[in-house]
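Engineer: I have a structure I would like to understand better, so I am pasting it below and will then ask my questions one at a time.
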Amino acid sequence: MNGLWRSTKKGFALIQLLIGLAIMALMSVVVIPAFRSKLPAEERKAFAERINSIFQEGWQKALITRTLTRVVIDNVKNSFFIEHITDRFDDTGKQLWERDSERFAMGDYYWPDYLELRNVFINGTDEMARYTHGAKMETAWIYIVPHGMVQPTIINVVDVRDEKEFGLVVNPFNARVMLYDSFQSS
């Protein structure tokens with residue numbers, strides 16, 4: 001009697017394998033789209049964190065070296081970088097700026113093509129709107145004075161993959177960048 005109920009074969013039956021595969025397929029239908037929808041949001045957050053790092057580095061450089069420093073937005077090359085003023089002058093008597101590369105480690109940051117700058121408000125003026133007739137703003141500078149004050153800055157960005165608008169606001173007192181889920185205005 002005991003031998004009738006006990007199976008000598010080990011492993012799974014075909015129906016058990018099929019049920020397991022069906023459960024895994026259902027789970028993947030639910031999990032994968034949820035993961036993909038969070039990916040652009042995480043990339044926007046990483047973009048904001050990187051911009052925050054650049055502003056923090058510029059702010060620290062201005063405080064440590066006691067020199068006028070600026071964060072440069074190069075809208076042609078899609079990049080942010082830091083420059084500081086030098087003691088040198090060009091032939092016209094204009095003081096020269098030097099790109100930071102040796103002392104501070106951040107370097108240039110190139111943002112992806114799917115992020116488009118729509119507004120760059122510096123001291124309440126939209127630098128993007130200054131260029132009319134369809135011209136693209138090429139460069140904008142956000143100055144950080146030696147005692148650490150930063151020009152009030154708002155950067156509005158669109159993620160063209162999903163047309164999601166978001167805003168970055170730079171705190172003028174500590175150069176921290178805050179991420180908002182909508183455009184900000186000055």
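Each chain of the structure tokens is named A, B, ... in the order shown, its residues numbered from 1; ligands are numbered from 1 in display order.
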From the DSSP assignment of the backbone, select every residue of region 21-173 of chain A that is strand (DSSP E or B), and format the answer as a VMD selection string.
Structural biologist: chain A and resid 69 to 74 79 to 89 95 to 99 109 to 110 115 to 122 125 to 126 139 to 144 150 153 to 159 164 to 170
Engineer: Which neighbours of Asp159 (chain A) fall inside 10 Å, counting only C-alpha atoms, when residues of the same chain fewer than 3 positions from it are skipped, and could you give them as a count of residues only?
Structural biologist: 15
Engineer: Tell me which protein, DNA and RNA residues are within 10 Å of region 140-148 of chain A, counting only C-alpha atoms, leaving out same-chain ones fewer than 4 positions away, and put them as JSON, numbers by chain.
Structural biologist: {"A": [55, 58, 59, 60, 61, 62, 63, 64, 65, 66, 67, 68, 69, 70, 71, 72, 73, 74, 75, 80, 81, 82, 83, 84, 120, 121, 122, 123, 127, 128, 152, 153, 170, 172, 173, 174, 175]}
Engineer: Which residue gives the smallest distance to Glu49 (chain A) among A:Ser186, A:Thr139, A:Trp97, A:Trp111, with only C-alpha atoms counted?
Structural biologist: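 Checking each of A:Ser186, A:Thr139, A:Trp97, A:Trp111 against Glu49 (chain A), counting only C-alpha atoms, the winner is A:Trp111.
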Engineer: Point out the residue among A:Asn119, A:Glu57, A:Asp108, A:Tyr180 with the least atom-to-atom distance to Lys45 (chain A), counting only C-alpha atoms.
Structural biologist: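 Checking each of A:Asn119, A:Glu57, A:Asp108, A:Tyr180 against Lys45 (chain A), counting only C-alpha atoms, the winner is A:Tyr180.
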Engineer: Run DSSP on the backbone and grab whatever in region 18-112 of chain A lands in alpha helix (DSSP H); send it over as number ranges by chain.
Structural biologist: A: 18-65
Engineer: Please indicate the distance in Å from CA of Val160 (chain A) to CA of Lys77 (chain A), rounded to one decimal place.
Structural biologist: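 Distance between the two atoms: 17.5 Å.
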Engineer: May I ask for the distance between CA of Ala48 (chain A) and CA of Gly107 (chain A), given in Å to one decimal place?
Structural biologist: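 Interatomic distance, CA of Ala48 (chain A) to CA of Gly107 (chain A): 16.1 Å.
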Engineer: From the list A:Val169, A:Arg161, A:Lys10, A:Asp87, which residue is nearest Leu39 (chain A) when using only C-alpha atoms?
Structural biologist: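 For Leu39 (chain A), the nearest of the candidates is A:Arg161.
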Engineer: Between CA of Ile85 (chain A) and CA of Arg50 (chain A), measure the distance and give it in Å to one decimal.
Structural biologist: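 We find that CA of Ile85 (chain A) and CA of Arg50 (chain A) lie 23.1 Å from each other.
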